[in-house]
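**Student:** This is the content of model.tsv (TSV, C-alpha atoms):
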chain	number	residue	atom	x	y	z
A	217	MET	CA	43.55	-55.30	-219.54
A	218	GLU	CA	46.88	-56.97	-220.02
A	219	PHE	CA	47.97	-60.56	-219.99
A	220	ILE	CA	49.48	-61.66	-216.70
A	221	ASP	CA	52.36	-64.07	-216.81
A	222	TYR	CA	51.69	-66.17	-213.74
A	223	TYR	CA	54.86	-68.19	-214.26
A	224	LYS	CA	56.89	-65.03	-214.10
A	225	VAL	CA	55.08	-63.94	-210.95
A	226	LEU	CA	56.17	-67.16	-209.24
A	227	GLU	CA	59.63	-66.94	-210.87
A	228	LEU	CA	59.11	-70.25	-212.68
A	229	ASP	CA	59.22	-71.51	-216.23
A	230	LYS	CA	56.36	-73.23	-218.00
A	231	SER	CA	57.69	-76.72	-217.38
A	232	ALA	CA	57.39	-76.29	-213.62
A	233	SER	CA	55.97	-79.29	-211.79
A	234	SER	CA	53.23	-78.94	-209.20
A	235	ALA	CA	55.87	-79.46	-206.51
A	236	ASP	CA	57.92	-76.59	-207.99
A	237	ILE	CA	54.84	-74.37	-207.95
A	238	LYS	CA	54.08	-75.16	-204.34
A	239	LYS	CA	57.67	-74.56	-203.34
A	240	ALA	CA	57.90	-71.26	-205.21
A	241	TYR	CA	54.60	-70.09	-203.76
A	242	ARG	CA	55.62	-70.92	-200.21
A	243	LYS	CA	58.95	-69.21	-200.65
A	244	LEU	CA	57.39	-65.98	-201.92
A	245	ALA	CA	54.50	-66.12	-199.46
A	246	ARG	CA	56.98	-66.27	-196.59
A	247	LYS	CA	58.50	-63.09	-197.91
A	248	TYR	CA	55.37	-61.12	-198.71
A	249	HIS	CA	52.73	-62.42	-196.30
A	250	PRO	CA	50.71	-59.39	-195.08
A	251	ASP	CA	50.96	-60.49	-191.45
A	252	LEU	CA	54.73	-60.26	-191.74
A	253	ASN	CA	54.60	-56.93	-193.60
A	254	PRO	CA	52.17	-54.73	-191.72
A	255	ASN	CA	51.46	-51.38	-193.39
A	256	ASN	CA	53.44	-52.35	-196.45
A	257	LYS	CA	51.26	-51.77	-199.49
A	258	GLU	CA	53.83	-53.10	-201.94
A	259	ALA	CA	54.02	-56.40	-200.10
A	260	GLU	CA	50.23	-56.56	-199.94
A	261	VAL	CA	49.90	-56.19	-203.71
A	262	LYS	CA	52.72	-58.64	-204.31
A	263	PHE	CA	51.05	-61.17	-202.02
A	264	LYS	CA	47.79	-60.85	-203.95
A	265	GLN	CA	49.70	-61.45	-207.16
A	266	ILE	CA	51.46	-64.58	-205.95
A	267	ASN	CA	48.22	-65.88	-204.45
A	268	GLU	CA	46.47	-65.41	-207.73
A	269	ALA	CA	49.29	-67.06	-209.67
A	270	HIS	CA	49.23	-69.96	-207.23
A	271	GLU	CA	45.45	-70.22	-207.45
A	272	VAL	CA	45.70	-70.70	-211.20
A	273	LEU	CA	48.85	-72.76	-211.56
A	274	SER	CA	48.21	-75.14	-208.67
A	275	ASP	CA	44.83	-76.14	-210.06
A	276	PRO	CA	45.35	-78.50	-213.04
A	277	GLU	CA	42.12	-77.39	-214.75
A	278	LYS	CA	42.80	-73.70	-214.40
A	279	ARG	CA	46.42	-74.16	-215.41
A	280	LYS	CA	45.36	-75.99	-218.57
A	281	LYS	CA	42.87	-73.29	-219.47
A	282	TYR	CA	45.41	-70.60	-218.71
A	283	ASP	CA	48.14	-72.26	-220.80
A	284	GLU	CA	45.78	-72.63	-223.77
A	285	TYR	CA	44.33	-69.18	-223.47
A	286	GLY	CA	47.79	-67.76	-223.07
A	287	LYS	CA	48.63	-68.80	-226.66
A	288	ASP	CA	45.68	-66.88	-228.03
A	289	TRP	CA	46.23	-63.95	-225.80
A	290	GLN	CA	47.83	-61.91	-228.59
A	291	HIS	CA	44.52	-61.93	-230.46
A	292	ALA	CA	42.51	-61.41	-227.33
A	293	GLU	CA	44.65	-58.42	-226.57
A	294	GLU	CA	44.05	-56.88	-229.99
A	295	PHE	CA	40.37	-57.39	-229.49
A	296	GLU	CA	40.60	-55.77	-226.09
A	297	LYS	CA	42.51	-52.84	-227.54
A	298	ALA	CA	39.83	-52.23	-230.13
A	299	LYS	CA	37.22	-52.32	-227.42
A	300	ALA	CA	39.23	-49.99	-225.27
A	301	GLN	CA	39.42	-47.44	-228.07
A	302	GLN	CA	35.67	-47.26	-228.16
A	303	ARG	CA	35.42	-46.70	-224.47
A	304	GLN	CA	37.46	-44.11	-222.71
A	305	SER	CA	40.37	-45.70	-220.95
A	306	ARG	CA	39.69	-46.67	-217.41
A	307	GLN	CA	41.16	-45.21	-214.33
A	308	TYR	CA	43.97	-47.72	-213.94
A	309	SER	CA	44.49	-48.44	-217.61
A	310	GLY	CA	48.22	-47.66	-217.40
A	311	GLY	CA	51.13	-49.88	-216.42
A	312	ASP	CA	50.18	-52.52	-213.92
A	313	PRO	CA	48.15	-55.42	-215.30
A	314	PHE	CA	47.08	-56.35	-211.78
A	315	THR	CA	44.11	-54.09	-211.50
A	316	TYR	CA	41.61	-54.91	-208.81
A	317	SER	CA	38.07	-53.73	-209.11
A	318	SER	CA	37.25	-53.63	-205.41
A	319	GLY	CA	39.03	-51.34	-203.00
A	320	GLY	CA	40.42	-52.15	-199.59
A	321	GLY	CA	40.12	-55.83	-200.26
A	322	GLY	CA	41.85	-58.74	-198.66
A	323	ALA	CA	44.54	-61.12	-199.69
A	324	GLU	CA	42.06	-63.13	-201.72
A	325	ASP	CA	41.20	-60.42	-204.23
A	326	PHE	CA	41.73	-61.26	-207.85
A	327	SER	CA	42.72	-59.13	-210.78
A	328	ASP	CA	40.36	-58.21	-213.58
A	329	PHE	CA	42.40	-60.52	-215.81
A	330	PHE	CA	41.71	-63.45	-213.50
A	331	GLU	CA	38.03	-62.64	-213.22
A	332	SER	CA	37.61	-62.35	-216.97
A	333	MET	CA	39.13	-65.78	-217.41
A	334	PHE	CA	37.79	-67.68	-214.43
A	335	GLY	CA	34.90	-65.56	-213.30
A	336	GLY	CA	34.41	-63.77	-210.03
A	337	GLY	CA	34.69	-65.86	-206.92
A	338	GLY	CA	36.16	-68.69	-208.91
A	339	PHE	CA	38.53	-69.77	-206.22
A	340	ARG	CA	38.42	-73.20	-204.82
A	341	SER	CA	39.71	-72.63	-201.33
A	342	GLN	CA	36.92	-71.85	-198.93
A	343	ARG	CA	39.18	-70.26	-196.39
A	344	ARG	CA	37.21	-67.03	-196.37
A	345	GLN	CA	34.35	-68.86	-194.77
A	346	THR	CA	36.44	-69.64	-191.73
A	347	GLY	CA	37.54	-67.13	-189.16
A	348	PHE	CA	35.58	-64.74	-187.03
A	349	ARG	CA	36.90	-61.26	-187.13
A	350	GLY	CA	36.22	-59.15	-190.18
A	351	GLN	CA	39.06	-57.74	-192.20
A	352	ASP	CA	40.85	-54.60	-191.09
A	353	PHE	CA	40.82	-51.72	-193.55
A	354	ASN	CA	43.58	-49.19	-193.96
A	355	ALA	CA	43.13	-45.70	-195.31
A	356	GLU	CA	45.25	-42.61	-195.60
A	357	LEU	CA	43.93	-39.14	-194.99
A	358	GLN	CA	45.68	-35.93	-195.94
A	359	LEU	CA	45.26	-32.93	-193.70
A	360	ASN	CA	46.70	-29.46	-193.69
A	361	LEU	CA	48.55	-28.46	-190.55
A	362	THR	CA	46.01	-25.69	-190.05
A	363	ASP	CA	43.23	-28.32	-189.98
A	364	ALA	CA	45.06	-30.33	-187.32
A	365	TYR	CA	45.01	-27.31	-184.98
A	366	LYS	CA	41.41	-27.79	-183.93
A	367	THR	CA	39.39	-30.91	-183.16
A	368	HIS	CA	37.01	-31.34	-186.03
A	369	LYS	CA	34.72	-33.84	-187.68
A	370	GLN	CA	35.12	-35.16	-191.16
A	371	THR	CA	33.02	-37.49	-193.27
A	372	LEU	CA	34.88	-40.23	-195.07
A	373	SER	CA	33.69	-42.66	-197.65
A	374	VAL	CA	35.01	-46.16	-196.99
A	375	ASN	CA	33.81	-48.97	-199.24
A	376	GLN	CA	30.73	-47.01	-200.31
A	377	LYS	CA	29.79	-46.26	-196.72
A	378	ASN	CA	30.00	-42.82	-195.22
A	379	ILE	CA	31.38	-42.54	-191.76
A	380	ARG	CA	31.84	-39.44	-189.70
A	381	ILE	CA	35.00	-39.34	-187.66
A	382	THR	CA	36.37	-36.92	-185.11
A	383	ILE	CA	39.94	-35.88	-185.69
A	384	PRO	CA	41.43	-34.74	-182.39
A	385	ALA	CA	43.50	-31.56	-182.44
A	386	GLY	CA	47.25	-32.13	-182.38
A	387	ILE	CA	47.26	-35.25	-184.50
A	388	GLU	CA	50.77	-36.08	-185.71
A	389	ASN	CA	52.04	-36.66	-189.20
A	390	GLY	CA	52.14	-40.43	-189.75
A	391	GLN	CA	49.88	-41.14	-186.78
A	392	THR	CA	47.29	-43.87	-187.15
A	393	ILE	CA	43.94	-43.87	-185.42
A	394	LYS	CA	41.69	-46.87	-185.09
A	395	ILE	CA	37.98	-46.63	-185.79
A	396	LYS	CA	36.60	-49.67	-184.13
A	397	GLU	CA	34.41	-52.08	-186.10
A	398	HIS	CA	34.37	-50.02	-189.27
A	399	GLY	CA	36.35	-52.61	-191.18
A	400	GLY	CA	35.00	-55.67	-192.96
A	401	PRO	CA	31.99	-57.51	-191.51
A	402	GLY	CA	32.57	-60.26	-188.96
A	403	ILE	CA	32.13	-63.89	-189.93
A	404	ASN	CA	30.46	-66.68	-187.94
A	405	GLY	CA	29.18	-64.21	-185.36
A	406	GLY	CA	32.59	-62.61	-184.84
A	407	PRO	CA	33.32	-58.91	-184.54
A	408	ASN	CA	33.78	-56.57	-187.47
A	409	GLY	CA	37.31	-55.58	-188.42
A	410	ASP	CA	38.63	-52.14	-187.60
A	411	LEU	CA	39.38	-49.20	-189.82
A	412	TYR	CA	42.85	-47.72	-189.48
A	413	ILE	CA	43.36	-44.19	-190.72
A	414	THR	CA	46.89	-42.90	-191.12
A	415	PHE	CA	47.26	-39.14	-191.31
A	416	SER	CA	49.60	-37.43	-193.67
A	417	ILE	CA	49.96	-33.84	-192.59
A	418	ASN	CA	50.93	-31.21	-195.07
A	419	ASN	CA	52.55	-28.20	-193.51
A	420	ASN	CA	50.86	-25.22	-195.17
A	421	THR	CA	52.34	-22.70	-192.70
A	422	ASN	CA	55.66	-20.99	-191.99
A	423	PHE	CA	55.98	-22.79	-188.70
A	424	LYS	CA	58.01	-25.93	-188.17
A	425	ARG	CA	56.44	-28.43	-185.86
A	426	GLU	CA	57.83	-31.05	-183.58
A	427	GLY	CA	55.19	-32.70	-181.45
A	428	ALA	CA	53.30	-29.89	-179.78
A	429	ASN	CA	56.09	-27.35	-180.15
A	430	LEU	CA	56.30	-24.89	-182.99
A	431	TYR	CA	59.39	-23.15	-184.29
A	432	LYS	CA	59.93	-20.14	-186.48
A	433	THR	CA	62.63	-17.67	-187.35
A	434	GLU	CA	62.02	-13.95	-186.99
A	435	GLU	CA	64.23	-11.32	-188.58
A	436	ILE	CA	65.04	-8.29	-186.44
A	437	GLU	CA	66.87	-5.05	-187.20
A	438	LEU	CA	70.45	-4.73	-186.02
A	439	THR	CA	69.55	-1.75	-183.86
A	440	THR	CA	66.66	-3.66	-182.26
A	441	ALA	CA	69.05	-6.48	-181.41
A	442	VAL	CA	71.61	-4.14	-179.91
A	443	LEU	CA	69.36	-1.64	-178.19
A	444	GLY	CA	66.30	-3.80	-177.56
A	445	GLY	CA	62.79	-2.94	-178.69
A	446	GLU	CA	59.41	-4.32	-179.56
A	447	ILE	CA	58.35	-6.37	-182.55
A	448	THR	CA	55.10	-7.93	-183.72
A	449	THR	CA	55.15	-11.59	-184.63
A	450	GLU	CA	52.62	-14.11	-185.93
A	451	THR	CA	51.70	-17.02	-183.73
A	452	PHE	CA	49.44	-19.83	-184.91
A	453	ASP	CA	46.33	-18.07	-183.64
A	454	GLY	CA	47.12	-14.41	-184.19
A	455	LYS	CA	49.67	-11.66	-183.77
A	456	VAL	CA	51.52	-10.90	-180.55
A	457	LYS	CA	53.83	-8.10	-179.48
A	458	LEU	CA	57.19	-9.21	-178.27
A	459	LYS	CA	59.84	-7.38	-176.30
A	460	VAL	CA	63.34	-7.88	-177.62
A	461	ALA	CA	65.95	-7.62	-174.89
A	462	PRO	CA	68.92	-5.29	-175.46
A	463	GLY	CA	71.99	-7.22	-176.59
A	464	THR	CA	70.00	-9.99	-178.32
A	465	GLN	CA	72.38	-12.27	-180.19
A	466	ASN	CA	71.96	-13.64	-183.68
A	467	GLY	CA	70.35	-17.11	-183.41
A	468	GLN	CA	69.10	-16.46	-179.90
A	469	GLN	CA	65.87	-18.29	-179.09
A	470	VAL	CA	62.92	-17.18	-177.02
A	471	LYS	CA	60.06	-19.35	-175.84
A	472	LEU	CA	56.45	-18.22	-175.95
A	473	LYS	CA	54.86	-20.56	-173.49
A	474	GLY	CA	51.57	-22.11	-174.53
A	475	LYS	CA	51.70	-20.57	-178.00
A	476	GLY	CA	52.54	-23.84	-179.72
A	477	PHE	CA	50.34	-26.60	-181.12
A	478	PRO	CA	47.60	-28.36	-179.16
A	479	VAL	CA	48.74	-31.45	-177.26
A	480	TYR	CA	47.03	-34.52	-178.73
A	481	LYS	CA	43.97	-35.53	-176.71
A	482	LYS	CA	44.73	-33.07	-173.90
A	483	GLU	CA	42.20	-30.40	-174.46
A	484	GLY	CA	43.37	-26.94	-173.47
A	485	ASP	CA	47.04	-27.98	-173.31
A	486	PHE	CA	49.37	-26.38	-175.79
A	487	GLY	CA	53.04	-26.72	-176.54
A	488	ASP	CA	55.38	-23.76	-176.84
A	489	LEU	CA	56.39	-21.53	-179.70
A	490	PHE	CA	60.14	-21.04	-180.09
A	491	ILE	CA	61.27	-17.99	-181.96
A	492	THR	CA	64.80	-17.79	-183.24
A	493	TYR	CA	66.03	-14.27	-183.93
A	494	GLN	CA	67.95	-13.63	-187.05
A	495	VAL	CA	69.65	-10.25	-186.98
A	496	LYS	CA	69.57	-8.42	-190.29
A	497	LEU	CA	73.01	-7.04	-191.06
A	498	PRO	CA	73.04	-4.13	-193.50
A	499	LYS	CA	74.59	-4.87	-196.87
A	500	THR	CA	74.92	-1.27	-197.97
A	501	LEU	CA	75.18	1.90	-195.91
A	502	ASN	CA	74.49	5.48	-196.82
A	503	ASP	CA	77.08	8.13	-196.00
A	504	LYS	CA	75.54	9.03	-192.68
A	505	GLN	CA	75.25	5.44	-191.56
A	506	LYS	CA	78.79	4.77	-192.63
A	507	ALA	CA	80.05	7.71	-190.64
A	508	LEU	CA	78.16	6.49	-187.60
A	509	PHE	CA	79.65	3.00	-187.94
A	510	GLU	CA	83.12	4.52	-188.26
A	511	GLU	CA	82.43	6.38	-185.07
A	512	LEU	CA	81.34	3.13	-183.37
A	513	LYS	CA	84.55	1.57	-184.60
A	514	GLN	CA	86.51	4.23	-182.82
A	515	GLU	CA	84.65	3.13	-179.70
A	516	ASN	CA	86.01	-0.40	-180.23
A	517	LEU	CA	82.60	-1.82	-181.18
B	104	MET	CA	36.85	-54.88	-169.47
B	105	ALA	CA	33.44	-55.46	-170.97
B	106	THR	CA	33.69	-57.15	-174.33
B	107	LYS	CA	31.02	-57.54	-176.88
B	108	TYR	CA	32.38	-60.74	-178.34
B	109	SER	CA	33.82	-63.76	-176.63
B	110	ILE	CA	34.46	-66.85	-178.65
B	111	SER	CA	34.91	-70.24	-177.08
B	112	ILE	CA	38.25	-71.86	-177.74
B	113	GLN	CA	36.49	-75.03	-178.79
B	114	GLU	CA	34.50	-73.15	-181.41
B	115	PHE	CA	37.61	-71.27	-182.52
B	116	CYS	CA	39.61	-74.47	-182.98
B	117	LYS	CA	36.80	-76.21	-184.82
B	118	ASN	CA	36.38	-73.30	-187.19
B	119	TYR	CA	40.06	-72.87	-187.88
B	120	GLU	CA	40.86	-76.56	-187.85
B	121	VAL	CA	43.57	-76.22	-185.26
B	122	ASP	CA	44.20	-78.34	-182.22
B	123	GLU	CA	43.48	-76.87	-178.80
B	124	VAL	CA	47.16	-77.48	-178.02
B	125	PHE	CA	47.88	-74.67	-180.46
B	126	VAL	CA	45.86	-72.20	-178.39
B	127	THR	CA	47.34	-73.52	-175.16
B	128	HIS	CA	50.80	-72.93	-176.54
B	129	CYS	CA	49.91	-69.35	-177.54
B	130	ARG	CA	48.61	-68.76	-174.04
B	131	GLU	CA	51.68	-70.25	-172.37
B	132	ALA	CA	53.92	-68.16	-174.56
B	133	GLU	CA	51.89	-65.13	-173.41
B	134	LEU	CA	50.96	-64.21	-176.95
B	135	VAL	CA	47.27	-64.10	-176.01
B	136	GLN	CA	45.18	-64.13	-172.88
B	137	ILE	CA	42.43	-66.66	-172.43
B	138	HIS	CA	39.68	-66.35	-169.86
B	139	SER	CA	37.58	-69.13	-168.49
B	140	ASP	CA	34.27	-69.70	-166.83
B	141	ALA	CA	33.28	-72.89	-165.06
B	142	GLU	CA	32.82	-74.79	-168.27
B	143	GLU	CA	34.87	-73.36	-171.06
B	144	ASP	CA	37.82	-71.23	-172.14
B	145	TYR	CA	37.24	-68.11	-174.19
B	146	ILE	CA	39.20	-65.69	-176.31
B	147	SER	CA	38.22	-62.07	-176.00
B	148	GLU	CA	37.74	-59.59	-178.81
B	149	GLU	CA	40.99	-57.80	-177.93
B	150	ASN	CA	43.02	-60.99	-178.22
B	151	LEU	CA	41.25	-62.38	-181.25
B	152	PRO	CA	43.28	-60.54	-183.93
B	153	THR	CA	46.56	-61.90	-182.55
B	154	LEU	CA	45.29	-65.45	-182.31
B	155	GLU	CA	43.84	-65.30	-185.81
B	156	LYS	CA	47.14	-63.93	-187.11
B	157	MET	CA	49.00	-66.82	-185.49
B	158	VAL	CA	46.65	-69.32	-187.14
B	159	ARG	CA	47.15	-67.65	-190.54
B	160	LEU	CA	50.91	-67.80	-190.21
B	161	TYR	CA	50.68	-71.41	-189.05
B	162	HIS	CA	48.44	-72.51	-191.90
B	163	ASP	CA	49.62	-70.28	-194.72
B	164	LEU	CA	53.34	-70.49	-194.14
B	165	GLY	CA	53.76	-73.68	-192.14
B	166	ILE	CA	55.47	-71.88	-189.26
B	167	ASN	CA	55.76	-73.99	-186.13
B	168	LEU	CA	54.76	-72.88	-182.65
B	169	GLU	CA	58.25	-71.77	-181.65
B	170	GLY	CA	58.55	-69.78	-184.86
B	171	LEU	CA	55.26	-68.03	-184.16
B	172	GLU	CA	56.57	-66.90	-180.82
B	173	VAL	CA	59.71	-65.46	-182.41
B	174	ILE	CA	57.68	-63.72	-185.13
B	175	HIS	CA	55.33	-62.22	-182.56
B	176	HIS	CA	58.21	-60.68	-180.63
B	177	LEU	CA	59.94	-59.43	-183.75
B	178	LEU	CA	56.75	-57.88	-185.10
B	179	ASN	CA	56.29	-56.05	-181.81
B	180	ARG	CA	59.85	-54.76	-182.10
B	181	ILE	CA	59.25	-53.64	-185.67
B	182	GLU	CA	56.12	-51.80	-184.57
B	183	THR	CA	58.04	-49.97	-181.84
B	184	MET	CA	60.85	-49.13	-184.22
B	185	GLU	CA	58.45	-47.87	-186.88
B	186	LYS	CA	56.90	-45.53	-184.34
B	187	GLU	CA	60.36	-44.30	-183.38
B	188	LEU	CA	61.27	-43.86	-187.02
B	189	GLN	CA	58.15	-41.78	-187.64
B	190	THR	CA	58.97	-39.57	-184.63
B	191	MET	CA	62.51	-39.11	-185.98
B	192	LYS	CA	61.20	-38.29	-189.45
B	193	ASN	CA	58.86	-35.69	-188.00
B	194	ARG	CA	61.76	-34.23	-186.03
B	195	LEU	CA	63.90	-34.07	-189.17
B	196	ARG	CA	61.24	-31.91	-190.79
B	197	LEU	CA	62.56	-29.15	-188.50
B	198	TYR	CA	65.74	-29.01	-190.53
B	199	GLU	CA	64.20	-29.17	-193.98
Could you spell out this file's structure in structure tokens?
**Tutor:**
Amino acid sequence: MEFIDYYKVLELDKSASSADIKKAYRKLARKYHPDLNPNNKEAEVKFKQINEAHEVLSDPEKRKKYDEYGKDWQHAEEFEKAKAQQRQSRQYSGGDPFTYSSGGGGAEDFSDFFESMFGGGGFRSQRRQTGFRGQDFNAELQLNLTDAYKTHKQTLSVNQKNIRITIPAGIENGQTIKIKEHGGPGINGGPNGDLYITFSINNNTNFKREGANLYKTEEIELTTAVLGGEITTETFDGKVKLKVAPGTQNGQQVKLKGKGFPVYKKEGDFGDLFITYQVKLPKTLNDKQKALFEELKQENL
Amino acid sequence: MATKYSISIQEFCKNYEVDEVFVTHCREAELVQIHSDAEEDYISEENLPTLEKMVRLYHDLGINLEGLEVIHHLLNRIETMEKELQTMKNRLRLYE
């Protein structure tokens, strides 16, 4: 655990008056307030930090204790270091001194540093007692593109509770789904908060995806392009045979209707698969091939 | 729509220490919908998060009623734009 310079957090020096502290807090809170920065984790952490700094510096008793303890912090830190050597370093032992023991918490969470100095729940404002609706939780879930092809169920652990969710086929990268009332508990008889899960989809296939449509490039032989023919190509759910029309151009696209990705929440509906042909041009020719090309040249091809 | 929770405006205001004028303003500005029975006005579960957010911004940041209205509209615009941005990002993956 590292020392946290609360003055620095509020961009103040140690001689700051209580009016300065209030002003600095308000200024930073206006910038980083979570309601003004939805889905912005950086702002959320920053807001916790400035809240904590304000909690300490705006309370004369806490500020006094903090200022005095701050002087001895060097020794305290050495002591902590010795202790840390005995134990294995903790999960977040690296860089950021603002480490919070509880996950998914609200704006009123305090760092381990704060709790070691002032104890847990040592905040004077009783604002958490007001309100009705429980806190919303945000979580991110990584999925492979192949997993997003079929509707499936997955069990998640959120704040020590297991919940089983259904992930509809066709979910988009960056899409957020709301699981009603799986957030923090309601207060004063109000409803629970909601759980928001944002999906990050890793494309583990050779297909490119845009919405429900899939795209891929297929190489074909020069002779197949010119004379036409049949090729076998992979779709998302298996191989298909495809007729290549004579005179197919390089970069020409064909659409395989209904062979794309499932349409989100429209069971049985699929997008299309677009195949772009890339004609392989020979780099080297054997004597016979060369002679044949020369002959074609004579035919103005 | 059937709602599980309905909280009376009186109770809401008492709990949050805001004047009922505050809620009236939010209703007039069409930030939230309030329903009434013969005796009292209520806020539904669907509208509760917005009203609570407005109270937080009002208390925490000292934003006045007009400011709350502006913020509400701008946040809605940001939300729409973020969705558009995500769609664009997903589309750009085609060219990666």
**Student:** Using only C-alpha atoms, can you tell me which of B:Ser147, B:Gln189, B:Asn179, B:Thr153 comes closest to Tyr108 in chain B?
**Tutor:** B:Ser147
**Student:** Can you list, as a list of chain:residue names, every protein, DNA or RNA residue that comes within 12 Å of Cys116 in chain B when you count only C-alpha atoms, leaving out same-chain residues fewer than 4 positions away?
**Tutor:**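 Contacts, in chain order: A:Thr346, A:Gly347, A:Phe348, B:Ile110, B:Ser111, B:Ile112, B:Glu120, B:Val121, B:Asp122, B:Glu123, B:Val124, B:Phe125, B:Val126, B:Thr127, B:Asp144, B:Tyr145, B:Ile146, B:Leu154, B:Glu155, B:Val158.
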**Student:** If we count all atoms listed in the file, what is near range 440-457 of chain A at a cut-off of 8 Å, once residues fewer than 5 positions away on the same chain are taken out, given as JSON, numbers by chain?
**Tutor:** {"A": [434, 462, 463, 464, 465, 475, 476, 477, 489, 495]}
**Student:** Counting all atoms listed in the file, collect the residues of chain B whose closest atom lies at most 7 Å from chain A, and write them out as a list in words.
**Tutor:** Tyr108, Asn118, Tyr119, Lys156, Leu164, Gln189, Asn193, Arg194 and Leu197 of chain B
**Student:** Excluding Glu172 in chain B and residues on its chain fewer than 6 positions from it, collect all residues at most 9 Å away from it, counting all atoms listed in the file, and give them as a PyMOL selection string.
**Tutor:** chain B and resi 129+132-134+157
**Student:** In Å, with one decimal, what is the gap from CA of Ser274 in chain A to CA of Lys230 in chain A?
**Tutor:**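 The value is 12.5 Å.
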**Student:** Around all the atoms of range 128-141 of chain B listed in the file, with 5 Å of room on each side, what axis-aligned box do you get, giving centre and edge lengths in Å to one decimal, as AutoDock Vina command-line options?
**Tutor:**
--center_x 43.6 --center_y -68.5 --center_z -171.3 --size_x 30.6 --size_y 18.8 --size_z 22.5
**Student:** Considering all atoms listed in the file, state which residue in the set A:Ala364, A:Ile436, A:Ile413, A:Lys506 is at the smallest distance from Tyr480 in chain A.
**Tutor:**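 Among the listed residues, A:Ala364 lies closest to Tyr480 in chain A.
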**Student:** To one decimal place in Å, what is the distance between CA of Asn378 in chain A and CA of Leu411 in chain A?
**Tutor:**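 Between CA of Asn378 in chain A and CA of Leu411 in chain A the gap is 12.6 Å.
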**Student:** Distance CA of Leu472 in chain A-CA of Lys459 in chain A, one decimal place?
**Tutor:**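 Interatomic distance here is 11.4 Å.
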**Student:** Hey, what's within 8 Å of Ala240 in chain A if we count only C-alpha atoms and toss same-chain stuff fewer than 6 positions away? As a PyMOL selection string, please?
**Tutor:** chain A and resi 226-228
